[in-house]
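**Q** Structure file my_file_26.pdb (PDB, C-alpha atoms) is given on the next line.
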ATOM      1  CA  MET B  20      -9.690  -6.889 -74.018  1.00  0.00           C
ATOM      2  CA  THR B  21     -10.976  -6.381 -70.478  1.00  0.00           C
ATOM      3  CA  LEU B  22      -8.688  -6.217 -67.506  1.00  0.00           C
ATOM      4  CA  LYS B  23      -9.539  -8.228 -64.419  1.00  0.00           C
ATOM      5  CA  ILE B  24     -10.087  -5.898 -61.454  1.00  0.00           C
ATOM      6  CA  ARG B  25      -8.026  -6.883 -58.433  1.00  0.00           C
ATOM      7  CA  HIS B  26     -10.100  -8.038 -55.467  1.00  0.00           C
ATOM      8  CA  HIS B  27      -8.346  -6.796 -52.344  1.00  0.00           C
ATOM      9  CA  VAL B  28      -9.453  -7.743 -48.827  1.00  0.00           C
ATOM     10  CA  LEU B  29      -8.895  -5.911 -45.538  1.00  0.00           C
ATOM     11  CA  VAL B  30      -8.716  -8.138 -42.469  1.00  0.00           C
ATOM     12  CA  CYS B  31      -9.436  -6.110 -39.340  1.00  0.00           C
ATOM     13  CA  LEU B  32      -8.141  -7.338 -35.972  1.00  0.00           C
ATOM     14  CA  GLU B  33      -8.953  -5.480 -32.758  1.00  0.00           C
ATOM     15  CA  GLU B  34      -7.258  -5.867 -29.401  1.00  0.00           C
ATOM     16  CA  LYS B  35     -10.576  -6.000 -27.502  1.00  0.00           C
ATOM     17  CA  ASN B  36     -12.230  -8.483 -29.874  1.00  0.00           C
ATOM     18  CA  TYR B  37      -9.169 -10.379 -31.032  1.00  0.00           C
ATOM     19  CA  SER B  38      -9.592 -13.799 -32.600  1.00  0.00           C
ATOM     20  CA  ARG B  39      -7.237 -15.621 -34.926  1.00  0.00           C
ATOM     21  CA  ARG B  40     -10.380 -17.005 -36.558  1.00  0.00           C
ATOM     22  CA  VAL B  41     -10.939 -13.640 -38.274  1.00  0.00           C
ATOM     23  CA  LEU B  42      -7.458 -13.731 -39.799  1.00  0.00           C
ATOM     24  CA  LEU B  43      -7.723 -17.385 -40.820  1.00  0.00           C
ATOM     25  CA  ARG B  44     -11.056 -16.743 -42.539  1.00  0.00           C
ATOM     26  CA  GLY B  45      -9.637 -13.809 -44.490  1.00  0.00           C
ATOM     27  CA  ALA B  46      -6.550 -15.737 -45.559  1.00  0.00           C
ATOM     28  CA  SER B  47      -8.630 -18.773 -46.545  1.00  0.00           C
ATOM     29  CA  LEU B  48     -10.924 -16.632 -48.677  1.00  0.00           C
ATOM     30  CA  ALA B  49      -7.998 -14.914 -50.378  1.00  0.00           C
ATOM     31  CA  ARG B  50      -6.259 -18.208 -51.118  1.00  0.00           C
ATOM     32  CA  LYS B  51      -9.411 -19.853 -52.481  1.00  0.00           C
ATOM     33  CA  TYR B  52     -10.293 -17.083 -54.924  1.00  0.00           C
ATOM     34  CA  GLY B  53      -6.866 -15.639 -55.659  1.00  0.00           C
ATOM     35  CA  TYR B  54      -7.448 -12.374 -53.787  1.00  0.00           C
ATOM     36  CA  THR B  55      -4.819 -10.218 -52.135  1.00  0.00           C
ATOM     37  CA  PHE B  56      -5.252  -9.270 -48.487  1.00  0.00           C
ATOM     38  CA  GLU B  57      -3.690  -7.121 -45.817  1.00  0.00           C
ATOM     39  CA  VAL B  58      -4.101  -7.136 -42.048  1.00  0.00           C
ATOM     40  CA  LEU B  59      -4.841  -4.136 -39.834  1.00  0.00           C
ATOM     41  CA  PHE B  60      -4.378  -4.601 -36.081  1.00  0.00           C
ATOM     42  CA  PHE B  61      -6.117  -1.849 -34.093  1.00  0.00           C
ATOM     43  CA  CYS B  62      -4.840  -0.923 -30.626  1.00  0.00           C
ATOM     44  CA  SER B  63      -6.343   1.635 -28.274  1.00  0.00           C
ATOM     45  CA  ILE B  64      -4.212   4.692 -27.524  1.00  0.00           C
ATOM     46  CA  GLU B  65      -5.271   4.728 -23.878  1.00  0.00           C
ATOM     47  CA  SER B  66      -5.085   1.019 -23.086  1.00  0.00           C
ATOM     48  CA  GLU B  67      -2.590  -0.310 -20.585  1.00  0.00           C
ATOM     49  CA  TYR B  68      -1.660  -3.457 -22.417  1.00  0.00           C
ATOM     50  CA  THR B  69      -1.206  -6.734 -20.658  1.00  0.00           C
ATOM     51  CA  MET B  70       1.384  -9.141 -21.940  1.00  0.00           C
ATOM     52  CA  PHE B  71      -1.394 -11.233 -23.463  1.00  0.00           C
ATOM     53  CA  HIS B  72      -2.236  -8.360 -25.816  1.00  0.00           C
ATOM     54  CA  LEU B  73       1.386  -8.403 -26.935  1.00  0.00           C
ATOM     55  CA  LEU B  74       1.140 -12.160 -27.386  1.00  0.00           C
ATOM     56  CA  ASN B  75      -1.918 -11.682 -29.607  1.00  0.00           C
ATOM     57  CA  LEU B  76      -0.058  -9.056 -31.605  1.00  0.00           C
ATOM     58  CA  ALA B  77       2.933 -11.349 -32.085  1.00  0.00           C
ATOM     59  CA  GLU B  78       0.688 -14.234 -33.118  1.00  0.00           C
ATOM     60  CA  SER B  79      -1.256 -12.190 -35.662  1.00  0.00           C
ATOM     61  CA  LYS B  80       1.910 -10.739 -37.205  1.00  0.00           C
ATOM     62  CA  LYS B  81       3.500 -14.171 -37.519  1.00  0.00           C
ATOM     63  CA  LEU B  82       0.344 -15.684 -39.008  1.00  0.00           C
ATOM     64  CA  SER B  83      -0.038 -12.794 -41.449  1.00  0.00           C
ATOM     65  CA  GLU B  84       3.456 -13.406 -42.791  1.00  0.00           C
ATOM     66  CA  GLU B  85       2.933 -17.156 -43.059  1.00  0.00           C
ATOM     67  CA  LEU B  86      -0.461 -16.830 -44.751  1.00  0.00           C
ATOM     68  CA  GLY B  87       0.734 -14.396 -47.408  1.00  0.00           C
ATOM     69  CA  ALA B  88      -0.624 -11.001 -46.358  1.00  0.00           C
ATOM     70  CA  VAL B  89       0.782  -8.191 -48.484  1.00  0.00           C
ATOM     71  CA  ARG B  90       0.970  -5.949 -45.408  1.00  0.00           C
ATOM     72  CA  PHE B  91       0.584  -6.103 -41.633  1.00  0.00           C
ATOM     73  CA  ILE B  92      -0.069  -2.699 -40.078  1.00  0.00           C
ATOM     74  CA  VAL B  93      -0.621  -1.717 -36.448  1.00  0.00           C
ATOM     75  CA  LYS B  94      -2.847   1.331 -35.963  1.00  0.00           C
ATOM     76  CA  ARG B  95      -3.508   3.115 -32.676  1.00  0.00           C
ATOM     77  CA  VAL B  96      -7.013   4.543 -32.334  1.00  0.00           C
ATOM     78  CA  LYS B  97      -9.084   6.394 -29.734  1.00  0.00           C
ATOM     79  CA  ASP B  98     -12.290   4.366 -29.946  1.00  0.00           C
ATOM     80  CA  GLU B  99     -14.432   2.187 -32.204  1.00  0.00           C
ATOM     81  CA  ARG B 100     -15.566   5.157 -34.290  1.00  0.00           C
ATOM     82  CA  ASP B 101     -11.927   5.979 -34.919  1.00  0.00           C
ATOM     83  CA  THR B 102     -11.379   2.348 -35.941  1.00  0.00           C
ATOM     84  CA  ALA B 103     -14.222   2.610 -38.449  1.00  0.00           C
ATOM     85  CA  ARG B 104     -12.826   5.848 -39.895  1.00  0.00           C
ATOM     86  CA  GLU B 105      -9.377   4.303 -40.328  1.00  0.00           C
ATOM     87  CA  LEU B 106     -10.897   1.246 -42.013  1.00  0.00           C
ATOM     88  CA  VAL B 107     -12.888   3.377 -44.425  1.00  0.00           C
ATOM     89  CA  GLU B 108      -9.871   5.504 -45.319  1.00  0.00           C
ATOM     90  CA  THR B 109      -7.629   2.466 -45.832  1.00  0.00           C
ATOM     91  CA  ALA B 110     -10.268   0.711 -47.928  1.00  0.00           C
ATOM     92  CA  LYS B 111     -10.619   3.752 -50.187  1.00  0.00           C
ATOM     93  CA  ASN B 112      -6.870   4.275 -50.542  1.00  0.00           C
ATOM     94  CA  ASN B 113      -6.207   0.616 -51.378  1.00  0.00           C
ATOM     95  CA  ASN B 114      -9.339  -0.010 -53.468  1.00  0.00           C
ATOM     96  CA  ALA B 115     -10.471  -2.786 -51.144  1.00  0.00           C
ATOM     97  CA  LYS B 116     -13.562  -4.708 -52.170  1.00  0.00           C
ATOM     98  CA  GLU B 117     -14.117  -6.592 -48.930  1.00  0.00           C
ATOM     99  CA  ILE B 118     -13.620  -6.142 -45.174  1.00  0.00           C
ATOM    100  CA  ILE B 119     -13.500  -9.077 -42.766  1.00  0.00           C
ATOM    101  CA  MET B 120     -13.730  -8.325 -39.047  1.00  0.00           C
ATOM    102  CA  SER B 121     -15.063  -9.507 -35.705  1.00  0.00           C
ATOM    103  CA  GLY B 122     -18.801  -9.298 -35.128  1.00  0.00           C
ATOM    104  CA  ALA B 123     -18.385  -8.913 -31.358  1.00  0.00           C
ATOM    105  CA  GLN B 124     -19.133  -5.581 -29.671  1.00  0.00           C
ATOM    106  CA  PRO B 125     -18.174  -4.243 -26.233  1.00  0.00           C
ATOM    107  CA  LYS B 126     -20.886  -4.445 -23.579  1.00  0.00           C
ATOM    108  CA  SER B 127     -20.633  -0.668 -23.133  1.00  0.00           C
ATOM    109  CA  ASN B 128     -22.060  -0.222 -26.636  1.00  0.00           C
ATOM    110  CA  LEU B 129     -25.042  -2.405 -25.830  1.00  0.00           C
ATOM    111  CA  LYS B 130     -26.042  -0.102 -22.960  1.00  0.00           C
ATOM    112  CA  ALA B 131     -26.801   2.695 -25.425  1.00  0.00           C
ATOM    113  CA  SER B 132     -30.273   2.933 -26.932  1.00  0.00           C
ATOM    114  CA  LEU B 133     -30.861   1.140 -30.231  1.00  0.00           C
ATOM    115  CA  TRP B 134     -31.310   4.324 -32.279  1.00  0.00           C
ATOM    116  CA  ARG B 135     -28.098   5.793 -30.859  1.00  0.00           C
ATOM    117  CA  ARG B 136     -26.141   2.632 -31.647  1.00  0.00           C
ATOM    118  CA  ILE B 137     -27.463   2.628 -35.195  1.00  0.00           C
ATOM    119  CA  PHE B 138     -26.760   6.271 -36.009  1.00  0.00           C
ATOM    120  CA  PHE B 139     -23.807   7.154 -33.794  1.00  0.00           C
ATOM    121  CA  CYS B 140     -22.049   4.173 -32.197  1.00  0.00           C
ATOM    122  CA  ASP B 141     -22.243   1.255 -34.572  1.00  0.00           C
ATOM    123  CA  LYS B 142     -18.979   0.980 -36.498  1.00  0.00           C
ATOM    124  CA  TYR B 143     -20.526  -1.455 -38.967  1.00  0.00           C
ATOM    125  CA  ASN B 144     -23.183   1.036 -40.025  1.00  0.00           C
ATOM    126  CA  TYR B 145     -20.527   3.731 -40.307  1.00  0.00           C
ATOM    127  CA  ILE B 146     -18.505   1.528 -42.658  1.00  0.00           C
ATOM    128  CA  LEU B 147     -21.505   0.632 -44.810  1.00  0.00           C
ATOM    129  CA  ASN B 148     -22.692   4.239 -44.983  1.00  0.00           C
ATOM    130  CA  HIS B 149     -19.303   5.425 -46.241  1.00  0.00           C
ATOM    131  CA  LEU B 150     -18.537   2.384 -48.395  1.00  0.00           C
ATOM    132  CA  PRO B 151     -21.903   1.361 -49.876  1.00  0.00           C
ATOM    133  CA  ASP B 152     -20.311  -1.086 -52.339  1.00  0.00           C
ATOM    134  CA  ILE B 153     -18.066  -2.844 -49.827  1.00  0.00           C
ATOM    135  CA  ILE B 154     -18.590  -6.497 -48.901  1.00  0.00           C
ATOM    136  CA  LEU B 155     -18.585  -6.573 -45.095  1.00  0.00           C
ATOM    137  CA  VAL B 156     -18.082 -10.002 -43.498  1.00  0.00           C
ATOM    138  CA  LEU B 157     -18.556 -10.300 -39.726  1.00  0.00           C
ATOM    139  CA  ILE B 158     -17.041 -13.322 -38.007  1.00  0.00           C
ATOM    140  CA  ASN B 159     -18.770 -14.650 -34.921  1.00  0.00           C
ATOM    141  CA  HIS B 160     -16.456 -16.073 -32.283  1.00  0.00           C
ATOM    142  CA  HIS B 161     -16.191 -16.774 -28.597  1.00  0.00           C
ATOM    143  CA  GLU B 162     -14.110 -14.559 -26.352  1.00  0.00           C
ATOM    144  CA  TYR B 163     -10.552 -15.339 -27.361  1.00  0.00           C
ATOM    145  CA  ASN B 164      -8.798 -14.729 -24.075  1.00  0.00           C
ATOM    146  CA  PRO B 165     -10.717 -16.023 -21.045  1.00  0.00           C
ATOM    147  CA  PHE B 166      -7.622 -16.134 -18.845  1.00  0.00           C
ATOM    148  CA  GLU B 167      -7.598 -12.520 -17.666  1.00  0.00           C
ATOM    149  CA  LYS B 168     -11.208 -12.491 -16.490  1.00  0.00           C
ATOM    150  CA  GLY B 169     -13.219 -14.500 -14.032  1.00  0.00           C
ATOM    151  CA  GLU B 170     -11.207 -17.233 -12.368  1.00  0.00           C
ATOM    152  CA  TYR B 171      -7.718 -16.241 -13.579  1.00  0.00           C
ATOM    153  CA  ARG B 172      -5.470 -13.350 -12.641  1.00  0.00           C
ATOM    154  CA  ASN B 173      -3.617 -11.154 -15.101  1.00  0.00           C
ATOM    155  CA  GLY B 174      -0.775 -12.858 -16.954  1.00  0.00           C
ATOM    156  CA  LYS B 175       2.898 -12.462 -16.067  1.00  0.00           C
ATOM    157  CA  GLN B 176       6.014 -13.609 -17.878  1.00  0.00           C
ATOM    158  CA  ALA B 177       7.259 -17.086 -17.024  1.00  0.00           C
ATOM    159  CA  PHE B 178       9.174 -20.010 -18.516  1.00  0.00           C
ATOM    160  CA  LEU B 179       8.383 -23.680 -18.985  1.00  0.00           C
ATOM    161  CA  VAL B 180      11.552 -25.561 -18.066  1.00  0.00           C
ATOM    162  CA  LYS B 181      12.306 -29.212 -18.834  1.00  0.00           C
ATOM    163  CA  LYS B 182      14.422 -30.631 -16.027  1.00  0.00           C
ATOM    164  CA  SER B 183      14.854 -34.296 -16.947  1.00  0.00           C
ATOM    165  CA  ASN B 184      14.324 -36.852 -19.692  1.00  0.00           C
ATOM    166  CA  HIS B 185      10.851 -37.647 -18.389  1.00  0.00           C
ATOM    167  CA  PRO B 186       8.297 -36.784 -21.138  1.00  0.00           C
ATOM    168  CA  ILE B 187       6.189 -34.462 -18.967  1.00  0.00           C
ATOM    169  CA  ALA B 188       8.721 -33.306 -16.374  1.00  0.00           C
ATOM    170  CA  TYR B 189       8.213 -29.601 -17.081  1.00  0.00           C
ATOM    171  CA  PHE B 190       8.292 -26.958 -14.374  1.00  0.00           C
ATOM    172  CA  LEU B 191       7.233 -23.319 -14.239  1.00  0.00           C
ATOM    173  CA  ARG B 192      10.007 -20.832 -13.473  1.00  0.00           C
ATOM    174  CA  ASP B 193      10.409 -17.046 -13.406  1.00  0.00           C
ATOM    175  CA  ARG B 194      13.727 -17.321 -15.252  1.00  0.00           C
ATOM    176  CA  PRO B 195      14.977 -19.751 -17.894  1.00  0.00           C
ATOM    177  CA  PHE B 196      17.663 -22.349 -17.227  1.00  0.00           C
ATOM    178  CA  ARG B 197      18.692 -22.621 -20.869  1.00  0.00           C
ATOM    179  CA  ALA B 198      18.037 -20.939 -24.223  1.00  0.00           C
ATOM    180  CA  THR B 199      15.645 -23.706 -25.317  1.00  0.00           C
ATOM    181  CA  ASP B 200      13.215 -23.149 -22.422  1.00  0.00           C
ATOM    182  CA  THR B 201       9.750 -21.990 -23.497  1.00  0.00           C
ATOM    183  CA  SER B 202       8.866 -18.353 -22.798  1.00  0.00           C
ATOM    184  CA  GLY B 203       5.240 -17.359 -22.260  1.00  0.00           C
ATOM    185  CA  LEU B 204       2.636 -16.017 -19.850  1.00  0.00           C
ATOM    186  CA  PHE B 205       1.368 -17.620 -16.672  1.00  0.00           C
ATOM    187  CA  PHE B 206      -2.229 -16.928 -15.576  1.00  0.00           C
ATOM    188  CA  GLN B 207      -2.659 -17.823 -11.936  1.00  0.00           C
ATOM    189  CA  LYS B 208      -5.971 -19.295 -10.901  1.00  0.00           C
ATOM    190  CA  LYS B 209      -7.610 -17.220  -8.192  1.00  0.00           C
ATOM    191  CA  ASP B 210      -7.908 -18.599  -4.663  1.00  0.00           C
ATOM    192  CA  THR B 211      -5.132 -21.147  -5.245  1.00  0.00           C
ATOM    193  CA  ASP B 212      -1.410 -21.246  -4.606  1.00  0.00           C
ATOM    194  CA  GLU B 213       0.724 -18.998  -6.792  1.00  0.00           C
ATOM    195  CA  ARG B 214       1.861 -21.825  -9.082  1.00  0.00           C
ATOM    196  CA  THR B 215      -1.505 -23.207 -10.218  1.00  0.00           C
ATOM    197  CA  GLY B 216      -3.115 -21.917 -13.410  1.00  0.00           C
ATOM    198  CA  ILE B 217      -2.555 -21.779 -17.175  1.00  0.00           C
ATOM    199  CA  PHE B 218       0.685 -21.221 -19.095  1.00  0.00           C
ATOM    200  CA  ALA B 219       0.169 -19.680 -22.565  1.00  0.00           C
ATOM    201  CA  PHE B 220       2.871 -19.424 -25.240  1.00  0.00           C
ATOM    202  CA  ILE B 221       3.423 -19.185 -28.992  1.00  0.00           C
ATOM    203  CA  ARG B 222       4.483 -22.254 -30.952  1.00  0.00           C
ATOM    204  CA  ARG B 223       4.669 -22.237 -34.759  1.00  0.00           C
ATOM    205  CA  GLY B 224       2.787 -18.964 -34.968  1.00  0.00           C
ATOM    206  CA  ARG B 225      -0.106 -20.097 -32.764  1.00  0.00           C
ATOM    207  CA  VAL B 226      -0.991 -19.439 -29.140  1.00  0.00           C
ATOM    208  CA  ARG B 227      -0.953 -22.706 -27.178  1.00  0.00           C
ATOM    209  CA  TYR B 228      -1.555 -23.362 -23.496  1.00  0.00           C
ATOM    210  CA  VAL B 229      -1.058 -26.042 -20.855  1.00  0.00           C
ATOM    211  CA  TYR B 230      -2.353 -26.412 -17.313  1.00  0.00           C
ATOM    212  CA  ILE B 231       0.050 -25.970 -14.420  1.00  0.00           C
ATOM    213  CA  TYR B 232      -0.513 -27.646 -11.044  1.00  0.00           C
ATOM    214  CA  HIS B 233       1.620 -26.490  -8.103  1.00  0.00           C
ATOM    215  CA  GLY B 234       4.381 -25.294 -10.385  1.00  0.00           C
ATOM    216  CA  LYS B 235       4.558 -28.192 -12.838  1.00  0.00           C
ATOM    217  CA  ILE B 236       2.708 -30.036 -15.588  1.00  0.00           C
ATOM    218  CA  GLY B 237       0.290 -32.638 -14.252  1.00  0.00           C
ATOM    219  CA  ASP B 238       1.287 -36.295 -14.524  1.00  0.00           C
ATOM    220  CA  SER B 239      -1.998 -37.651 -15.900  1.00  0.00           C
ATOM    221  CA  THR B 240      -2.359 -39.120 -19.400  1.00  0.00           C
ATOM    222  CA  GLU B 241      -4.612 -36.213 -20.374  1.00  0.00           C
ATOM    223  CA  ASP B 242      -1.978 -33.684 -19.283  1.00  0.00           C
ATOM    224  CA  ALA B 243       0.697 -35.556 -21.227  1.00  0.00           C
ATOM    225  CA  LEU B 244      -1.397 -35.532 -24.405  1.00  0.00           C
ATOM    226  CA  GLN B 245      -2.186 -31.834 -24.035  1.00  0.00           C
ATOM    227  CA  LEU B 246       1.494 -31.000 -23.556  1.00  0.00           C
ATOM    228  CA  LYS B 247       2.513 -33.110 -26.553  1.00  0.00           C
ATOM    229  CA  HIS B 248      -0.041 -31.340 -28.759  1.00  0.00           C
ATOM    230  CA  ALA B 249       0.935 -27.884 -27.488  1.00  0.00           C
ATOM    231  CA  LEU B 250       4.653 -28.411 -28.126  1.00  0.00           C
ATOM    232  CA  GLN B 251       4.219 -29.743 -31.666  1.00  0.00           C
TER     233      GLN B 251
END
Written as structure tokens, how would this file's structure read?
**A**
Amino acid sequence: MTLKIRHHVLVCLEEKNYSRRVLLRGASLARKYGYTFEVLFFCSIESEYTMFHLLNLAESKKLSEELGAVRFIVKRVKDERDTARELVETAKNNNAKEIIMSGAQPKSNLKASLWRRIFFCDKYNYILNHLPDIILVLINHHEYNPFEKGEYRNGKQAFLVKKSNHPIAYFLRDRPFRATDTSGLFFQKKDTDERTGIFAFIRRGRVRYVYIYHGKIGDSTEDALQLKHALQ
């Protein structure tokens, strides 16, 4: 009689390259083939976290629980090389057969010469060199959080308040009026008044967002549909 070897998957999430797509892919793979999986969320020791990072952390923890991860662990690391070392150690300790992670790399890495990236900087090569039998899956994705760069300012805590029975009569406020008001982050659009931008929040374990115009939800049909979808 031969025993079936457990196929265990590590899903690696990183604050700088965060995407729920990585977690969803790992969970989907585990469910399809009957694998077990755990989630590692890597945070930089030196980072000054914005509230959106905390929102990402909350989303990934909630999703991990809902999707059946055996563990959700937050690890603080110095740099990408430290991330790779932690992944290798965890994979060895837990007999992982597969690692799923983001394929995105910081622009600072791309400034280094190719040979230096290959032998010193590239975390993927480090993982493969130390775990030659591992299955390494890299997920390509767009930048997850566009709100803190370019045309939007850093997020700050705010509340979406419903003030009447009108279906889209929602207003942005610094404080809630009632316990049912929606808590989230407001990203102000640059070069506009302080109440125009994007409001991001978690609903049913997912990050949703709606557009805010002069302190309230727009009254167009498109805005109404977006709000309805976000609040589902």
**Q** With the file shown as input, list the residues that the PyMOL selection byres ((chain B and resi 119) around 6) selects, as a list in words.
**A**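 Residues picked by the PyMOL selection byres ((chain B and resi 119) around 6): Val30, Ile118, Met120 and Val156 of chain B.
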**Q** Taking the file as I've supplied it (selection: the PyMOL selection byres ((chain B and resi 31) around 12)), which residues are included? Please answer as a PDB file with C-alpha atoms, in the coordinates of the input.
**A**
ATOM      1  CA  VAL B  28      -9.453  -7.743 -48.827  1.00  0.00           C
ATOM      2  CA  LEU B  29      -8.895  -5.911 -45.538  1.00  0.00           C
ATOM      3  CA  VAL B  30      -8.716  -8.138 -42.469  1.00  0.00           C
ATOM      4  CA  LEU B  32      -8.141  -7.338 -35.972  1.00  0.00           C
ATOM      5  CA  GLU B  33      -8.953  -5.480 -32.758  1.00  0.00           C
ATOM      6  CA  GLU B  34      -7.258  -5.867 -29.401  1.00  0.00           C
ATOM      7  CA  LYS B  35     -10.576  -6.000 -27.502  1.00  0.00           C
ATOM      8  CA  ASN B  36     -12.230  -8.483 -29.874  1.00  0.00           C
ATOM      9  CA  TYR B  37      -9.169 -10.379 -31.032  1.00  0.00           C
ATOM     10  CA  SER B  38      -9.592 -13.799 -32.600  1.00  0.00           C
ATOM     11  CA  ARG B  39      -7.237 -15.621 -34.926  1.00  0.00           C
ATOM     12  CA  ARG B  40     -10.380 -17.005 -36.558  1.00  0.00           C
ATOM     13  CA  VAL B  41     -10.939 -13.640 -38.274  1.00  0.00           C
ATOM     14  CA  LEU B  42      -7.458 -13.731 -39.799  1.00  0.00           C
ATOM     15  CA  LEU B  43      -7.723 -17.385 -40.820  1.00  0.00           C
ATOM     16  CA  ARG B  44     -11.056 -16.743 -42.539  1.00  0.00           C
ATOM     17  CA  GLY B  45      -9.637 -13.809 -44.490  1.00  0.00           C
ATOM     18  CA  ALA B  46      -6.550 -15.737 -45.559  1.00  0.00           C
ATOM     19  CA  PHE B  56      -5.252  -9.270 -48.487  1.00  0.00           C
ATOM     20  CA  GLU B  57      -3.690  -7.121 -45.817  1.00  0.00           C
ATOM     21  CA  VAL B  58      -4.101  -7.136 -42.048  1.00  0.00           C
ATOM     22  CA  LEU B  59      -4.841  -4.136 -39.834  1.00  0.00           C
ATOM     23  CA  PHE B  60      -4.378  -4.601 -36.081  1.00  0.00           C
ATOM     24  CA  PHE B  61      -6.117  -1.849 -34.093  1.00  0.00           C
ATOM     25  CA  CYS B  62      -4.840  -0.923 -30.626  1.00  0.00           C
ATOM     26  CA  SER B  79      -1.256 -12.190 -35.662  1.00  0.00           C
ATOM     27  CA  SER B  83      -0.038 -12.794 -41.449  1.00  0.00           C
ATOM     28  CA  PHE B  91       0.584  -6.103 -41.633  1.00  0.00           C
ATOM     29  CA  ILE B  92      -0.069  -2.699 -40.078  1.00  0.00           C
ATOM     30  CA  VAL B  93      -0.621  -1.717 -36.448  1.00  0.00           C
ATOM     31  CA  LYS B  94      -2.847   1.331 -35.963  1.00  0.00           C
ATOM     32  CA  THR B 102     -11.379   2.348 -35.941  1.00  0.00           C
ATOM     33  CA  ALA B 103     -14.222   2.610 -38.449  1.00  0.00           C
ATOM     34  CA  GLU B 105      -9.377   4.303 -40.328  1.00  0.00           C
ATOM     35  CA  LEU B 106     -10.897   1.246 -42.013  1.00  0.00           C
ATOM     36  CA  VAL B 107     -12.888   3.377 -44.425  1.00  0.00           C
ATOM     37  CA  THR B 109      -7.629   2.466 -45.832  1.00  0.00           C
ATOM     38  CA  ALA B 110     -10.268   0.711 -47.928  1.00  0.00           C
ATOM     39  CA  GLU B 117     -14.117  -6.592 -48.930  1.00  0.00           C
ATOM     40  CA  ILE B 118     -13.620  -6.142 -45.174  1.00  0.00           C
ATOM     41  CA  ILE B 119     -13.500  -9.077 -42.766  1.00  0.00           C
ATOM     42  CA  MET B 120     -13.730  -8.325 -39.047  1.00  0.00           C
ATOM     43  CA  SER B 121     -15.063  -9.507 -35.705  1.00  0.00           C
ATOM     44  CA  GLY B 122     -18.801  -9.298 -35.128  1.00  0.00           C
ATOM     45  CA  LEU B 155     -18.585  -6.573 -45.095  1.00  0.00           C
ATOM     46  CA  VAL B 156     -18.082 -10.002 -43.498  1.00  0.00           C
ATOM     47  CA  LEU B 157     -18.556 -10.300 -39.726  1.00  0.00           C
ATOM     48  CA  ILE B 158     -17.041 -13.322 -38.007  1.00  0.00           C
TER      49      ILE B 158
END
**Q** So which residues touch Tyr189 in chain B within 8 Å, counting only C-alpha atoms, skipping near sequence neighbours fewer than 5 positions away, as a compact mmCIF listing (two decimals) with C-alpha atoms, in the coordinates of the input?
**A**
# COMPACT_ATOMS: atom_id res chain seq x y z
CA LEU B 179 8.38 -23.68 -18.98
CA VAL B 180 11.55 -25.56 -18.07
CA LYS B 181 12.31 -29.21 -18.83
CA LYS B 182 14.42 -30.63 -16.03
CA LYS B 235 4.56 -28.19 -12.84
CA ILE B 236 2.71 -30.04 -15.59
**Q** Given 6 Å on each side, where is the centre and what are the edge lengths in Å to one decimal of the axis-aligned box enclosing the listed atoms of range 33-51 of chain B, as lines of an AutoDock Vina configuration file?
**A**
center_x = -9.2
center_y = -12.7
center_z = -40.0
size_x = 18.0
size_y = 26.4
size_z = 37.0
**Q** Ranking B:Leu147, B:Ala77, B:Leu82, B:Ile153 by minimum distance to Asn114 in chain B and counting only C-alpha atoms, which one comes first?
**A**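 For Asn114 in chain B, the nearest of the given residues is B:Ile153.
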**Q** Which residue, B:Arg104, B:Arg197, B:Lys81, B:Lys208, has the smallest gap to Arg222 in chain B when you use all atoms listed in the file?
**A** B:Lys81
**Q** Start from the incomplete input, build N, CA, C and O atoms for range 81-88 of chain B, and deliver everything as a PDB file, keeping the file's coordinate frame.
**A**
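Written file, rebuild-v1.pdb:
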ATOM      1  N   LYS B  81       2.873 -12.950 -37.015  1.00  0.00           N
ATOM      2  CA  LYS B  81       3.500 -14.171 -37.519  1.00  0.00           C
ATOM      3  C   LYS B  81       2.576 -14.893 -38.495  1.00  0.00           C
ATOM      4  O   LYS B  81       2.998 -15.322 -39.578  1.00  0.00           O
ATOM      5  N   LEU B  82       1.305 -15.018 -38.135  1.00  0.00           N
ATOM      6  CA  LEU B  82       0.344 -15.684 -39.008  1.00  0.00           C
ATOM      7  C   LEU B  82       0.163 -14.927 -40.321  1.00  0.00           C
ATOM      8  O   LEU B  82       0.042 -15.532 -41.389  1.00  0.00           O
ATOM      9  N   SER B  83       0.132 -13.605 -40.243  1.00  0.00           N
ATOM     10  CA  SER B  83      -0.038 -12.794 -41.449  1.00  0.00           C
ATOM     11  C   SER B  83       1.087 -13.053 -42.442  1.00  0.00           C
ATOM     12  O   SER B  83       0.860 -13.185 -43.651  1.00  0.00           O
ATOM     13  N   GLU B  84       2.305 -13.129 -41.928  1.00  0.00           N
ATOM     14  CA  GLU B  84       3.456 -13.406 -42.791  1.00  0.00           C
ATOM     15  C   GLU B  84       3.363 -14.796 -43.401  1.00  0.00           C
ATOM     16  O   GLU B  84       3.601 -14.985 -44.595  1.00  0.00           O
ATOM     17  N   GLU B  85       2.996 -15.774 -42.578  1.00  0.00           N
ATOM     18  CA  GLU B  85       2.933 -17.156 -43.059  1.00  0.00           C
ATOM     19  C   GLU B  85       1.806 -17.368 -44.067  1.00  0.00           C
ATOM     20  O   GLU B  85       1.928 -18.186 -44.984  1.00  0.00           O
ATOM     21  N   LEU B  86       0.711 -16.630 -43.903  1.00  0.00           N
ATOM     22  CA  LEU B  86      -0.461 -16.830 -44.751  1.00  0.00           C
ATOM     23  C   LEU B  86      -0.446 -15.975 -46.018  1.00  0.00           C
ATOM     24  O   LEU B  86      -1.354 -16.071 -46.836  1.00  0.00           O
ATOM     25  N   GLY B  87       0.571 -15.125 -46.156  1.00  0.00           N
ATOM     26  CA  GLY B  87       0.734 -14.396 -47.408  1.00  0.00           C
ATOM     27  C   GLY B  87       0.120 -13.015 -47.476  1.00  0.00           C
ATOM     28  O   GLY B  87      -0.158 -12.513 -48.575  1.00  0.00           O
ATOM     29  N   ALA B  88      -0.093 -12.370 -46.339  1.00  0.00           N
ATOM     30  CA  ALA B  88      -0.624 -11.001 -46.358  1.00  0.00           C
ATOM     31  C   ALA B  88       0.380 -10.063 -47.026  1.00  0.00           C
ATOM     32  O   ALA B  88       1.586 -10.183 -46.817  1.00  0.00           O
TER      33      ALA B  88
END
